[in-house]
>>> print(open('target03.txt').read())   # compact mmCIF, C-alpha atoms
# COMPACT_ATOMS: atom_id res chain seq x y z
CA MET A 43 -59.38 -1.03 -1.30
CA PRO A 44 -58.59 -0.43 -4.99
CA ALA A 45 -57.11 2.89 -5.93
CA PRO A 46 -59.64 5.34 -7.41
CA THR A 47 -59.78 5.91 -11.13
CA LEU A 48 -58.88 9.42 -12.11
CA MET A 49 -60.49 11.48 -14.89
CA THR A 50 -59.08 14.33 -16.88
CA VAL A 51 -60.31 16.48 -19.76
CA THR A 52 -58.32 16.80 -22.96
CA GLY A 53 -59.93 19.36 -25.24
CA THR A 54 -63.58 18.17 -25.41
CA THR A 55 -62.74 14.56 -24.53
CA LEU A 56 -63.11 12.97 -21.11
CA VAL A 57 -60.20 10.61 -20.55
CA LEU A 58 -60.07 7.91 -17.87
CA THR A 59 -56.63 7.41 -16.36
CA GLY A 60 -55.24 4.87 -13.93
CA PRO A 61 -54.22 5.47 -10.35
CA PRO A 62 -51.27 7.79 -9.74
CA PRO A 63 -47.90 6.06 -9.65
CA PRO A 64 -46.52 5.38 -6.17
CA PRO A 65 -43.90 7.82 -4.92
CA ARG A 66 -40.41 6.82 -5.94
CA ARG A 67 -38.23 5.64 -3.08
CA ARG A 68 -34.59 6.52 -2.93
CA PRO A 69 -32.27 3.58 -3.56
CA ARG A 70 -31.06 1.95 -0.39
CA ALA A 71 -27.41 2.69 -1.14
CA SER A 72 -28.03 6.44 -1.44
CA ARG A 73 -29.58 6.89 2.00
CA GLY A 74 -27.67 8.17 5.00
CA GLY A 75 -24.44 10.10 5.07
CA PRO A 76 -21.61 9.81 2.56
CA TYR A 77 -19.66 7.26 4.60
CA ARG A 78 -22.67 5.01 5.10
CA ARG A 79 -23.30 5.21 1.36
CA LEU A 80 -19.66 4.40 0.73
CA PHE A 81 -19.58 1.24 2.81
CA ALA A 82 -22.97 0.05 1.58
CA ARG A 83 -21.23 -1.08 -1.59
CA PRO A 84 -20.55 -4.84 -1.71
CA GLY A 85 -17.10 -5.93 -0.57
CA THR A 86 -15.93 -2.56 0.72
CA ARG A 87 -16.14 -3.39 4.41
CA ALA A 88 -14.19 -6.62 4.00
CA PHE A 89 -11.19 -5.16 2.17
CA THR A 90 -11.21 -2.09 4.42
CA ALA A 91 -10.96 -4.31 7.52
CA GLY A 92 -7.88 -6.08 6.14
CA ASN A 93 -6.47 -2.77 4.96
CA LEU A 94 -6.69 -1.19 8.41
CA VAL A 95 -5.14 -4.19 10.17
CA ALA A 96 -2.26 -4.26 7.67
CA ARG A 97 -1.77 -0.49 7.78
CA LEU A 98 -1.44 -0.15 11.56
CA PRO A 99 2.08 -1.66 11.58
CA MET A 100 3.28 1.16 9.33
CA GLY A 101 3.35 3.34 12.42
CA MET A 102 4.92 0.60 14.54
CA PHE A 103 7.93 -0.77 12.67
CA GLY A 104 10.26 2.22 12.98
CA ILE A 105 9.87 2.96 16.69
CA SER A 106 9.81 -0.78 17.50
CA ALA A 107 13.12 -1.31 15.73
CA VAL A 108 14.70 1.71 17.41
CA MET A 109 13.60 0.64 20.90
CA MET A 110 14.59 -2.98 20.33
CA ILE A 111 18.05 -2.27 18.89
CA ALA A 112 18.85 0.54 21.32
CA GLY A 113 17.69 -1.55 24.26
CA GLN A 114 19.77 -4.59 23.31
CA ARG A 115 22.82 -2.91 21.72
CA GLY A 116 22.84 0.30 23.78
CA SER A 117 23.20 2.61 20.78
CA TYR A 118 20.58 4.97 19.42
CA ALA A 119 23.00 5.90 16.65
CA LEU A 120 23.03 2.29 15.45
CA ALA A 121 19.26 2.04 15.76
CA GLY A 122 18.79 5.23 13.74
CA ALA A 123 21.21 4.08 11.06
CA VAL A 124 19.44 0.74 10.69
CA THR A 125 16.00 2.34 10.31
CA ALA A 126 17.38 4.94 7.90
CA THR A 127 18.80 2.13 5.77
CA GLY A 128 15.39 0.47 5.71
CA LEU A 129 13.79 3.73 4.63
CA ALA A 130 16.32 4.17 1.82
CA ALA A 131 15.75 0.58 0.69
CA THR A 132 11.99 1.18 0.69
CA ALA A 133 12.42 4.24 -1.51
CA LEU A 134 14.21 2.06 -4.08
CA VAL A 135 12.13 -1.13 -3.86
CA ALA A 136 8.58 0.16 -3.31
CA PRO A 137 7.99 1.55 -6.84
CA TRP A 138 9.14 -1.75 -8.37
CA THR A 139 6.85 -3.71 -6.07
CA ALA A 140 3.97 -1.43 -7.03
CA ARG A 141 4.73 -1.90 -10.72
CA LEU A 142 4.53 -5.66 -10.28
CA VAL A 143 1.23 -5.26 -8.42
CA ASP A 144 -0.24 -3.30 -11.34
CA ARG A 145 1.04 -5.86 -13.83
CA PHE A 146 0.23 -9.16 -12.09
CA GLY A 147 -2.46 -8.25 -9.54
CA GLN A 148 -2.60 -7.32 -5.87
CA ALA A 149 -3.01 -10.78 -4.34
CA ARG A 150 -0.38 -12.41 -6.54
CA ILE A 151 2.34 -9.93 -5.60
CA ALA A 152 1.32 -8.50 -2.21
CA VAL A 153 1.25 -11.84 -0.38
CA PRO A 154 4.77 -13.05 -1.28
CA ALA A 155 6.15 -9.52 -0.86
CA THR A 156 4.65 -9.41 2.62
CA LEU A 157 6.12 -12.81 3.49
CA ILE A 158 9.58 -11.54 2.58
CA ALA A 159 9.08 -8.43 4.72
CA VAL A 160 7.82 -10.49 7.68
CA LEU A 161 10.82 -12.83 7.39
CA GLY A 162 13.06 -9.76 7.42
CA SER A 163 11.46 -8.59 10.67
CA LEU A 164 11.83 -12.03 12.24
CA CYS A 165 15.48 -12.15 11.15
CA LEU A 166 16.03 -8.74 12.73
CA ILE A 167 14.62 -10.02 16.03
CA ALA A 168 16.84 -13.12 15.88
CA CYS A 169 19.95 -11.09 15.04
CA VAL A 170 19.34 -8.65 17.86
CA ARG A 171 18.67 -11.42 20.37
CA THR A 172 21.71 -13.50 19.41
CA GLN A 173 24.15 -10.57 19.23
CA ALA A 174 24.79 -11.27 15.55
CA PRO A 175 27.23 -9.04 13.62
CA THR A 176 26.04 -5.49 13.07
CA TRP A 177 25.76 -5.88 9.30
CA THR A 178 23.05 -8.49 9.76
CA LEU A 179 20.80 -5.86 11.35
CA PHE A 180 21.08 -3.66 8.27
CA ALA A 181 20.47 -6.58 5.90
CA SER A 182 17.46 -7.84 7.86
CA TYR A 183 15.75 -4.48 8.12
CA ALA A 184 16.46 -3.74 4.45
CA ALA A 185 14.44 -6.87 3.57
CA THR A 186 11.32 -5.24 5.00
CA ALA A 187 11.42 -2.82 2.04
CA THR A 188 9.27 -5.30 0.10
CA THR A 189 6.27 -4.37 2.28
CA PRO A 190 3.52 -3.51 -0.22
CA ASN A 191 1.87 -0.11 -0.19
CA ILE A 192 -1.40 -1.27 1.36
CA GLY A 193 -2.84 2.24 1.38
CA GLY A 194 -2.15 2.60 -2.34
CA MET A 195 -3.76 -0.77 -3.11
CA SER A 196 -6.83 0.22 -1.10
CA ARG A 197 -7.09 3.53 -2.95
CA ALA A 198 -6.79 1.66 -6.25
CA ARG A 199 -9.79 -0.49 -5.28
CA TRP A 200 -11.86 2.56 -4.43
CA THR A 201 -10.89 4.18 -7.72
CA LEU A 202 -12.10 1.12 -9.63
CA LEU A 203 -15.36 0.84 -7.70
CA LEU A 204 -16.15 4.57 -7.82
CA ARG A 205 -14.96 5.45 -11.32
CA ASP A 206 -18.44 6.77 -12.15
CA ALA A 207 -19.08 8.47 -8.78
CA PRO A 208 -16.62 11.36 -8.29
CA ALA A 209 -18.30 12.61 -5.10
CA ASP A 210 -18.08 9.18 -3.47
CA HIS A 211 -14.48 8.86 -4.69
CA HIS A 212 -13.63 12.09 -2.87
CA THR A 213 -15.21 10.68 0.30
CA ALA A 214 -13.22 7.45 -0.07
CA MET A 215 -9.93 9.31 -0.51
CA SER A 216 -10.72 11.40 2.58
CA PHE A 217 -11.41 8.25 4.55
CA GLU A 218 -8.09 6.74 3.42
CA GLN A 219 -6.19 9.84 4.52
CA ALA A 220 -7.95 9.77 7.90
CA ALA A 221 -7.03 6.08 8.20
CA ASP A 222 -3.39 6.96 7.53
CA GLU A 223 -3.45 9.52 10.32
CA LEU A 224 -5.22 7.16 12.72
CA CYS A 225 -2.68 4.39 12.15
CA TYR A 226 0.26 6.75 12.57
CA LEU A 227 -1.45 8.02 15.73
CA LEU A 228 -2.05 4.61 17.30
CA GLY A 229 0.94 2.72 15.87
CA PRO A 230 3.76 4.41 17.83
CA VAL A 231 1.73 4.29 21.05
CA ALA A 232 1.09 0.56 20.62
CA ALA A 233 4.70 -0.13 19.69
CA ALA A 234 6.16 1.79 22.63
CA SER A 235 3.76 0.12 25.05
CA LEU A 236 4.60 -3.37 23.80
CA CYS A 237 8.36 -2.78 23.84
CA THR A 238 8.35 -1.37 27.37
CA LEU A 239 5.61 -3.38 29.09
CA VAL A 240 6.06 -6.81 27.46
CA PHE A 241 9.58 -7.32 26.06
CA PRO A 242 11.80 -5.30 23.67
CA GLU A 243 11.01 -7.45 20.63
CA ALA A 244 7.23 -7.46 21.21
CA GLY A 245 6.58 -4.37 19.08
CA THR A 246 8.32 -5.76 15.99
CA LEU A 247 6.75 -9.20 16.47
CA ALA A 248 3.24 -7.75 16.82
CA ALA A 249 3.70 -5.44 13.82
CA ALA A 250 4.87 -8.31 11.61
CA SER A 251 1.94 -10.47 12.71
CA LEU A 252 -0.61 -7.72 12.05
CA LEU A 253 0.90 -6.99 8.65
CA LEU A 254 0.70 -10.63 7.57
CA VAL A 255 -2.86 -11.17 8.83
CA GLY A 256 -4.10 -7.89 7.37
CA VAL A 257 -2.60 -8.48 3.92
CA LEU A 258 -3.99 -12.03 3.80
CA VAL A 259 -7.48 -10.75 4.64
CA PHE A 260 -7.15 -7.90 2.15
CA ALA A 261 -5.84 -10.11 -0.65
CA ALA A 262 -8.63 -12.66 -0.11
CA GLN A 263 -11.22 -10.10 -1.26
CA ARG A 264 -10.84 -10.85 -4.96
CA ALA A 265 -14.18 -9.38 -6.06
CA THR A 266 -12.97 -5.80 -5.52
CA GLU A 267 -9.41 -6.31 -6.78
CA PRO A 268 -8.48 -4.23 -9.84
CA PRO A 269 -7.75 -6.44 -12.86
CA PRO A 270 -4.02 -6.79 -13.59
CA THR A 271 -2.72 -5.35 -16.83
CA GLY A 272 -0.92 -8.61 -17.58
CA VAL A 273 1.60 -6.96 -19.86
CA ARG A 274 4.97 -5.42 -19.30
CA PRO A 275 4.42 -1.66 -19.16
CA ALA A 276 6.11 0.39 -21.81
CA ARG A 277 8.69 2.85 -20.63
CA SER A 278 6.70 5.64 -22.29
CA SER A 279 3.72 4.87 -20.03
CA SER A 280 5.65 5.49 -16.81
CA PRO A 281 3.74 7.79 -14.45
CA LEU A 282 6.98 9.51 -13.38
CA PRO A 283 7.02 12.32 -16.00
CA ALA A 284 3.38 13.26 -15.35
CA LEU A 285 3.84 13.13 -11.59
CA LEU A 286 7.22 14.83 -11.39
CA PRO A 287 5.80 18.30 -10.54
CA LEU A 288 3.69 16.73 -7.77
CA LEU A 289 6.52 14.63 -6.33
CA GLY A 290 8.36 17.75 -5.24
CA LEU A 291 5.20 18.91 -3.54
CA PHE A 292 4.85 15.56 -1.74
CA ALA A 293 8.49 15.71 -0.67
CA ALA A 294 7.89 19.18 0.77
CA THR A 295 4.90 17.92 2.77
CA GLY A 296 7.09 15.08 4.02
CA VAL A 297 9.56 17.69 5.27
CA ILE A 298 6.67 19.28 7.16
CA PHE A 299 5.81 16.01 8.88
CA GLY A 300 9.39 15.06 9.77
CA SER A 301 10.52 18.49 10.93
CA MET A 302 7.37 19.21 12.93
CA GLU A 303 7.65 15.96 14.90
CA VAL A 304 11.34 16.32 15.75
CA THR A 305 11.02 20.03 16.57
CA SER A 306 8.01 19.51 18.83
CA ILE A 307 9.68 16.69 20.76
CA ALA A 308 12.86 18.76 21.23
CA HIS A 309 10.94 21.92 22.14
CA LEU A 310 8.81 20.24 24.81
CA ASP A 311 11.82 18.39 26.22
CA ALA A 312 13.83 21.62 26.42
CA HIS A 313 11.04 23.19 28.49
CA GLY A 314 10.74 20.27 30.87
CA LEU A 315 7.56 18.98 29.21
CA GLY A 316 8.97 15.84 27.60
CA ALA A 317 6.16 13.73 29.05
CA ALA A 318 3.64 15.81 27.09
CA ALA A 319 5.30 15.12 23.73
CA GLY A 320 3.25 12.00 23.04
CA PRO A 321 -0.16 13.54 23.81
CA VAL A 322 0.69 16.75 21.93
CA LEU A 323 1.77 14.88 18.79
CA ALA A 324 -1.29 12.66 19.14
CA LEU A 325 -3.41 15.82 19.21
CA GLN A 326 -1.85 16.95 15.95
CA ALA A 327 -2.58 13.58 14.30
CA ALA A 328 -6.10 13.57 15.71
CA GLY A 329 -6.72 16.98 14.18
CA SER A 330 -5.64 15.68 10.79
CA CYS A 331 -7.79 12.55 11.16
CA ALA A 332 -10.89 14.54 12.09
CA ALA A 333 -10.30 17.07 9.32
CA GLY A 334 -9.92 14.25 6.80
CA LEU A 335 -13.24 12.70 7.77
CA LEU A 336 -14.97 16.09 7.71
CA TYR A 337 -13.44 16.99 4.35
CA GLY A 338 -14.92 13.80 2.93
CA THR A 339 -18.42 15.15 3.57
CA ARG A 340 -17.71 18.48 1.86
CA ARG A 341 -17.09 19.55 -1.69
CA PRO A 342 -13.39 19.20 -2.56
CA ARG A 343 -11.35 22.37 -2.92
CA GLY A 344 -8.61 23.24 -5.36
CA LEU A 345 -5.08 22.19 -4.48
CA ARG A 346 -3.79 25.76 -4.53
CA ALA A 347 -6.43 26.81 -1.98
CA CYS A 348 -5.48 23.90 0.27
CA LEU A 349 -1.80 24.83 0.03
CA VAL A 350 -2.52 28.46 0.97
CA VAL A 351 -4.38 27.28 4.08
CA LEU A 352 -1.53 24.88 4.85
CA CYS A 353 1.01 27.73 4.71
CA ALA A 354 -1.03 29.81 7.13
CA ALA A 355 -1.56 26.88 9.49
CA MET A 356 2.13 25.91 9.58
CA ALA A 357 3.07 29.40 10.72
CA LEU A 358 0.92 29.00 13.86
CA PRO A 359 3.27 26.67 15.83
CA TRP A 360 6.19 28.99 15.06
CA ALA A 361 4.21 31.92 16.44
CA ALA A 362 3.01 29.97 19.50
CA ALA A 363 6.34 28.36 20.40
CA GLY A 364 7.34 31.25 22.63
CA GLY A 365 4.33 30.84 24.90
CA SER A 366 2.91 28.15 27.14
CA LEU A 367 1.95 24.59 26.29
CA VAL A 368 -1.75 25.25 25.64
CA PRO A 369 -1.33 27.73 22.73
CA LEU A 370 1.29 25.46 21.16
CA ALA A 371 -0.97 22.42 21.46
CA LEU A 372 -3.86 24.30 19.84
CA ALA A 373 -1.55 25.55 17.07
CA LEU A 374 -0.41 21.99 16.38
CA LEU A 375 -4.02 20.83 16.33
CA LEU A 376 -4.87 23.42 13.67
CA ALA A 377 -1.69 22.63 11.74
CA GLY A 378 -2.63 18.96 11.70
CA ALA A 379 -6.15 19.79 10.54
CA ALA A 380 -4.74 21.63 7.52
CA THR A 381 -2.67 18.70 6.27
CA ALA A 382 -5.46 16.19 5.54
CA PRO A 383 -7.37 18.27 2.91
CA THR A 384 -4.07 19.01 1.18
CA MET A 385 -3.06 15.35 1.06
CA VAL A 386 -6.51 14.20 -0.10
CA THR A 387 -6.58 16.76 -2.91
CA ALA A 388 -2.99 16.06 -3.94
CA MET A 389 -3.65 12.30 -4.05
CA SER A 390 -6.65 12.96 -6.27
CA GLU A 391 -4.30 14.80 -8.62
CA VAL A 392 -2.11 11.68 -8.65
CA HIS A 393 -5.14 9.64 -9.72
CA ARG A 394 -5.94 12.10 -12.49
CA ARG A 395 -2.43 12.24 -13.91
CA THR A 396 -1.41 8.58 -13.64
CA PRO A 397 -1.75 6.52 -16.86
CA GLU A 398 -4.32 3.75 -16.83
CA GLY A 399 -3.03 0.51 -15.35
CA ARG A 400 -0.24 2.23 -13.37
CA LEU A 401 -2.26 3.67 -10.48
CA ASN A 402 -0.62 1.70 -7.68
CA GLU A 403 2.82 2.63 -9.00
CA GLY A 404 1.83 6.29 -9.21
CA MET A 405 0.57 6.39 -5.63
CA THR A 406 3.64 4.53 -4.40
CA LEU A 407 5.87 7.14 -6.04
CA ALA A 408 3.95 9.79 -4.09
CA VAL A 409 4.37 7.88 -0.82
CA THR A 410 8.08 7.39 -1.55
CA ALA A 411 8.48 11.15 -2.04
CA ILE A 412 6.74 11.75 1.29
CA LEU A 413 9.05 9.27 3.06
CA ALA A 414 12.11 10.93 1.53
CA GLY A 415 10.80 14.29 2.73
CA ILE A 416 10.21 12.95 6.23
CA ALA A 417 13.79 11.70 6.43
CA ALA A 418 15.17 15.01 5.17
CA GLY A 419 12.89 17.02 7.45
CA SER A 420 13.86 15.01 10.51
CA ALA A 421 17.57 15.46 9.81
CA ALA A 422 17.20 19.17 9.06
CA ALA A 423 15.13 19.76 12.18
CA GLY A 424 17.72 18.00 14.33
CA ALA A 425 20.44 20.29 12.98
CA ALA A 426 18.23 23.38 13.37
CA VAL A 427 17.39 22.53 16.98
CA GLU A 428 21.07 22.08 17.80
CA HIS A 429 22.30 25.27 16.15
CA LEU A 430 19.31 27.64 16.23
CA GLY A 431 17.21 26.53 19.17
CA THR A 432 13.82 24.89 19.33
CA THR A 433 11.72 28.00 18.72
CA SER A 434 13.56 28.95 15.53
CA ALA A 435 13.37 25.35 14.33
CA TYR A 436 9.59 25.74 13.94
CA ALA A 437 10.38 27.96 10.95
CA LEU A 438 11.37 24.82 9.04
CA PRO A 439 7.86 23.31 8.62
CA ALA A 440 6.56 26.78 7.77
CA ALA A 441 9.24 27.15 5.09
CA ALA A 442 8.45 23.66 3.76
CA ALA A 443 4.76 24.60 3.45
CA LEU A 444 5.74 27.72 1.51
CA ALA A 445 7.94 25.59 -0.74
CA ALA A 446 4.99 23.24 -1.37
CA LEU A 447 2.85 26.21 -2.37
CA LEU A 448 5.51 27.56 -4.72
CA LEU A 449 5.92 24.13 -6.30
CA GLY A 450 2.17 23.99 -6.82
CA LEU A 451 2.12 27.42 -8.41
CA ALA A 452 5.09 26.60 -10.62
CA SER A 453 3.58 23.37 -11.90
CA ARG A 454 2.97 23.55 -15.65
CA ALA A 455 -0.06 21.26 -15.47
CA PRO A 456 -3.07 23.07 -14.03
CA LEU A 457 -3.98 22.00 -10.50
CA ARG A 458 -7.68 21.67 -11.19
CA ARG A 459 -10.50 20.89 -8.83
CA THR A 460 -10.89 17.17 -8.28
CA GLY A 461 -14.63 16.98 -7.85
>>> encode(input="target03.txt", output="structure tokens")
Amino acid sequence: MPAPTLMTVTGTTLVLTGPPPPPRRRPRASRGGPYRRLFARPGTRAFTAGNLVARLPMGMFGISAVMMIAGQRGSYALAGAVTATGLAATALVAPWTARLVDRFGQARIAVPATLIAVLGSLCLIACVRTQAPTWTLFASYAATATTPNIGGMSRARWTLLLRDAPADHHTAMSFEQAADELCYLLGPVAAASLCTLVFPEAGTLAAASLLLVGVLVFAAQRATEPPPTGVRPARSSSPLPALLPLLGLFAATGVIFGSMEVTSIAHLDAHGLGAAAGPVLALQAAGSCAAGLLYGTRRPRGLRACLVVLCAAMALPWAAAGGSLVPLALALLLAGAATAPTMVTAMSEVHRRTPEGRLNEGMTLAVTAILAGIAAGSAAAGAAVEHLGTTSAYALPAAAALAALLLGLASRAPLRRTG
């Protein structure tokens, strides 16, 4: 039936009006939780699928190479030296690869860079299998340094898509951090299982295959790809000066990650609980993953506040190391939960400070600083365990968290809220 005509009185005049307007419905994309709203945007699910497949090998390559080389050559020292060389090569090559990605586009650079890295992995397998000279192992693994920063490229896409939606951008950055933790949680488990249950080279072969497939799927999603700058960046536009105060902070968080892992493995092994090392470290990563997803549904905090919480959380394993396994596991769970909000907020600062057109390079510099910190933290923790004992070695991640806080406080640029 037709809607009734309404009447109203204006002064001494009777005015006929039409039917009331229908209630406004919320747009489809705004319904549901923040993550449903995030992935309702066109193209986001497709590039995220490729991103996750390509990112999983990041947690597989190192342990796969160590198990393969040590199993075939009988030397963990050689295996560690080869992987350390690859890490050093990545620290040098990754920022240049990222600069080319910003200049020429993700698909145009990421695909050939990935092919070079995959060929390096295949060469490493061949050299190990054929008992090639030792130097060939170093050269082959160094070639994998061209692996593009898939996490940085994914974050660059979110930044482009959500440039006018800061709340959704915060959710996207939280999701990316949770994805990092999930891949570093599942990657080593998958690699160790493949190397032990299938054959020693299976972990490296699977990681290379996943990397290639994931990057091809990711690069095929051209609709969400940030436009390349197309020009050679001026030296004055380098993101390094603006990010320098933050890079020390990222390096300090890398020390936390590297030292905590080595110390926990050594501590549990020294107490006859070596078999629990995997599940305990997985619990720490799971705590960070869950905290990252939860943080994405909440209002972002200031970086200083996150660093204060991180300092308090990193003191918990040190305090719990003298007790049984359960308190230590819970302390590591809480410590892991404190890292994700800090990383999300710090990465948002990278976005804010990086010059336009250099975002992938800026994020790659941050990742490189983290990798350098992980290497330094692992080495320092090994020395601390040997000379001070496993309980005292837990002071190292706590000290690194304090250093990160001091670096944040000493930064000249204000560490403002990111949302």
>>> closest_residue(input="target03.txt", among="A:Ser196, A:Ile416, A:Ala437, A:Ala445", to="Phe217 in chain A", atoms="all atoms listed in the file")
A:Ser196
>>> residues_around(input="target03.txt", residues="Ala250 in chain A", least_positions_apart="5", cutoff="10 Å", atoms="only C-alpha atoms", output="list in words")
Ala96, Pro99, Met100, Met102, Phe103, Thr156, Leu157, Ala159, Val160, Leu161, Gly162, Ser163, Leu164, Thr186, Ala244, Gly245, Val255 and Gly256 of chain A
>>> residues_around(input="target03.txt", residues="Arg171 in chain A", least_positions_apart="5", cutoff="9 Å", atoms="only C-alpha atoms", output="ChimeraX atom specification")
/A:114,166,243
>>> residues_around(input="target03.txt", residues="Ala446 in chain A", least_positions_apart="3", cutoff="7 Å", atoms="all atoms listed in the file", output="ChimeraX atom specification")
/A:291,294-295,442-443,449-450
>>> write_last_selection(input="target03.txt", atoms="C-alpha atoms", output="PDB file, in the frame of the given file")
ATOM      1  CA  LEU A 291       5.200  18.910  -3.540  1.00  0.00           C
ATOM      2  CA  ALA A 294       7.890  19.180   0.770  1.00  0.00           C
ATOM      3  CA  THR A 295       4.900  17.920   2.770  1.00  0.00           C
ATOM      4  CA  ALA A 442       8.450  23.660   3.760  1.00  0.00           C
ATOM      5  CA  ALA A 443       4.760  24.600   3.450  1.00  0.00           C
ATOM      6  CA  LEU A 449       5.920  24.130  -6.300  1.00  0.00           C
ATOM      7  CA  GLY A 450       2.170  23.990  -6.820  1.00  0.00           C
TER       8      GLY A 450
END
>>> atom_distance(input="target03.txt", atom1="CA of His393 in chain A", atom2="CA of Met195 in chain A")
12.4 Å
>>> atom_distance(input="target03.txt", atom1="CA of Ala82 in chain A", atom2="CA of Asp210 in chain A")
11.5 Å
>>> residues_around(input="target03.txt", residues="Ala181 in chain A", least_positions_apart="4", cutoff="12 Å", atoms="only C-alpha atoms", output="tab-separated table (two decimals) with C-alpha atoms, keeping the file's coordinate frame")
chain	number	residue	atom	x	y	z
A	123	ALA	CA	21.21	4.08	11.06
A	124	VAL	CA	19.44	0.74	10.69
A	125	THR	CA	16.00	2.34	10.31
A	127	THR	CA	18.80	2.13	5.77
A	128	GLY	CA	15.39	0.47	5.71
A	131	ALA	CA	15.75	0.58	0.69
A	159	ALA	CA	9.08	-8.43	4.72
A	161	LEU	CA	10.82	-12.83	7.39
A	162	GLY	CA	13.06	-9.76	7.42
A	163	SER	CA	11.46	-8.59	10.67
A	165	CYS	CA	15.48	-12.15	11.15
A	166	LEU	CA	16.03	-8.74	12.73
A	169	CYS	CA	19.95	-11.09	15.04
A	174	ALA	CA	24.79	-11.27	15.55
A	175	PRO	CA	27.23	-9.04	13.62
A	176	THR	CA	26.04	-5.49	13.07
A	177	TRP	CA	25.76	-5.88	9.30
A	185	ALA	CA	14.44	-6.87	3.57
A	186	THR	CA	11.32	-5.24	5.00
A	187	ALA	CA	11.42	-2.82	2.04
>>> atom_distance(input="target03.txt", atom1="CA of Cys225 in chain A", atom2="CA of Leu94 in chain A")
7.8 Å
>>> closest_residue(input="target03.txt", among="A:Ala363, A:Ala209, A:Leu401, A:Leu285", to="His313 in chain A", atoms="all atoms listed in the file")
A:Ala363
>>> closest_residue(input="target03.txt", among="A:Leu370, A:Ala425, A:Leu288, A:Ala440", to="Ile412 in chain A", atoms="all atoms listed in the file")
A:Leu288
>>> residues_around(input="target03.txt", residues="Ala234 in chain A", least_positions_apart="5", cutoff="8 Å", atoms="all atoms listed in the file", output="VMD selection string")
chain A and resid 105 to 106 109 245
>>> closest_residue(input="target03.txt", among="A:Val143, A:Leu447, A:Ala293, A:Ala441", to="Glu267 in chain A", atoms="all atoms listed in the file")
A:Val143
>>> closest_residue(input="target03.txt", among="A:Pro268, A:Met302, A:Leu179, A:Leu444", to="Leu352 in chain A", atoms="only C-alpha atoms")
A:Leu444
>>> closest_residue(input="target03.txt", among="A:Thr90, A:Leu349, A:Thr433, A:Pro137", to="Arg197 in chain A", atoms="all atoms listed in the file")
A:Thr90
>>> decode(input="target03.txt", residues="range 418-430 of chain A", atoms="N, CA and C atoms", output="PDB file, in the first residue's frame")
ATOM      1  N   ALA A 418      73.105 -10.506  16.009  1.00  0.00           N
ATOM      2  CA  ALA A 418      73.900 -10.073  17.169  1.00  0.00           C
ATOM      3  C   ALA A 418      73.367 -10.672  18.463  1.00  0.00           C
ATOM      4  N   GLY A 419      72.045 -10.717  18.600  1.00  0.00           N
ATOM      5  CA  GLY A 419      71.452 -11.279  19.810  1.00  0.00           C
ATOM      6  C   GLY A 419      71.728 -12.759  19.961  1.00  0.00           C
ATOM      7  N   SER A 420      71.682 -13.485  18.855  1.00  0.00           N
ATOM      8  CA  SER A 420      71.977 -14.921  18.916  1.00  0.00           C
ATOM      9  C   SER A 420      73.411 -15.165  19.342  1.00  0.00           C
ATOM     10  N   ALA A 421      74.342 -14.408  18.747  1.00  0.00           N
ATOM     11  CA  ALA A 421      75.756 -14.579  19.103  1.00  0.00           C
ATOM     12  C   ALA A 421      76.006 -14.184  20.555  1.00  0.00           C
ATOM     13  N   ALA A 422      75.429 -13.079  20.986  1.00  0.00           N
ATOM     14  CA  ALA A 422      75.635 -12.627  22.364  1.00  0.00           C
ATOM     15  C   ALA A 422      75.034 -13.610  23.363  1.00  0.00           C
ATOM     16  N   ALA A 423      73.865 -14.150  23.035  1.00  0.00           N
ATOM     17  CA  ALA A 423      73.241 -15.108  23.942  1.00  0.00           C
ATOM     18  C   ALA A 423      74.070 -16.385  24.052  1.00  0.00           C
ATOM     19  N   GLY A 424      74.631 -16.825  22.927  1.00  0.00           N
ATOM     20  CA  GLY A 424      75.488 -18.017  22.984  1.00  0.00           C
ATOM     21  C   GLY A 424      76.675 -17.805  23.910  1.00  0.00           C
ATOM     22  N   ALA A 425      77.307 -16.633  23.817  1.00  0.00           N
ATOM     23  CA  ALA A 425      78.439 -16.341  24.703  1.00  0.00           C
ATOM     24  C   ALA A 425      77.985 -16.215  26.154  1.00  0.00           C
ATOM     25  N   ALA A 426      76.825 -15.591  26.379  1.00  0.00           N
ATOM     26  CA  ALA A 426      76.331 -15.430  27.747  1.00  0.00           C
ATOM     27  C   ALA A 426      75.989 -16.774  28.382  1.00  0.00           C
ATOM     28  N   VAL A 427      75.379 -17.660  27.606  1.00  0.00           N
ATOM     29  CA  VAL A 427      75.047 -18.989  28.132  1.00  0.00           C
ATOM     30  C   VAL A 427      76.305 -19.736  28.531  1.00  0.00           C
ATOM     31  N   GLU A 428      77.339 -19.627  27.705  1.00  0.00           N
ATOM     32  CA  GLU A 428      78.576 -20.364  27.963  1.00  0.00           C
ATOM     33  C   GLU A 428      79.330 -19.829  29.173  1.00  0.00           C
ATOM     34  N   HIS A 429      79.314 -18.524  29.378  1.00  0.00           N
ATOM     35  CA  HIS A 429      80.131 -17.928  30.436  1.00  0.00           C
ATOM     36  C   HIS A 429      79.350 -17.572  31.703  1.00  0.00           C
ATOM     37  N   LEU A 430      78.037 -17.315  31.567  1.00  0.00           N
ATOM     38  CA  LEU A 430      77.250 -16.868  32.715  1.00  0.00           C
ATOM     39  C   LEU A 430      76.177 -17.852  33.144  1.00  0.00           C
TER      40      LEU A 430
END
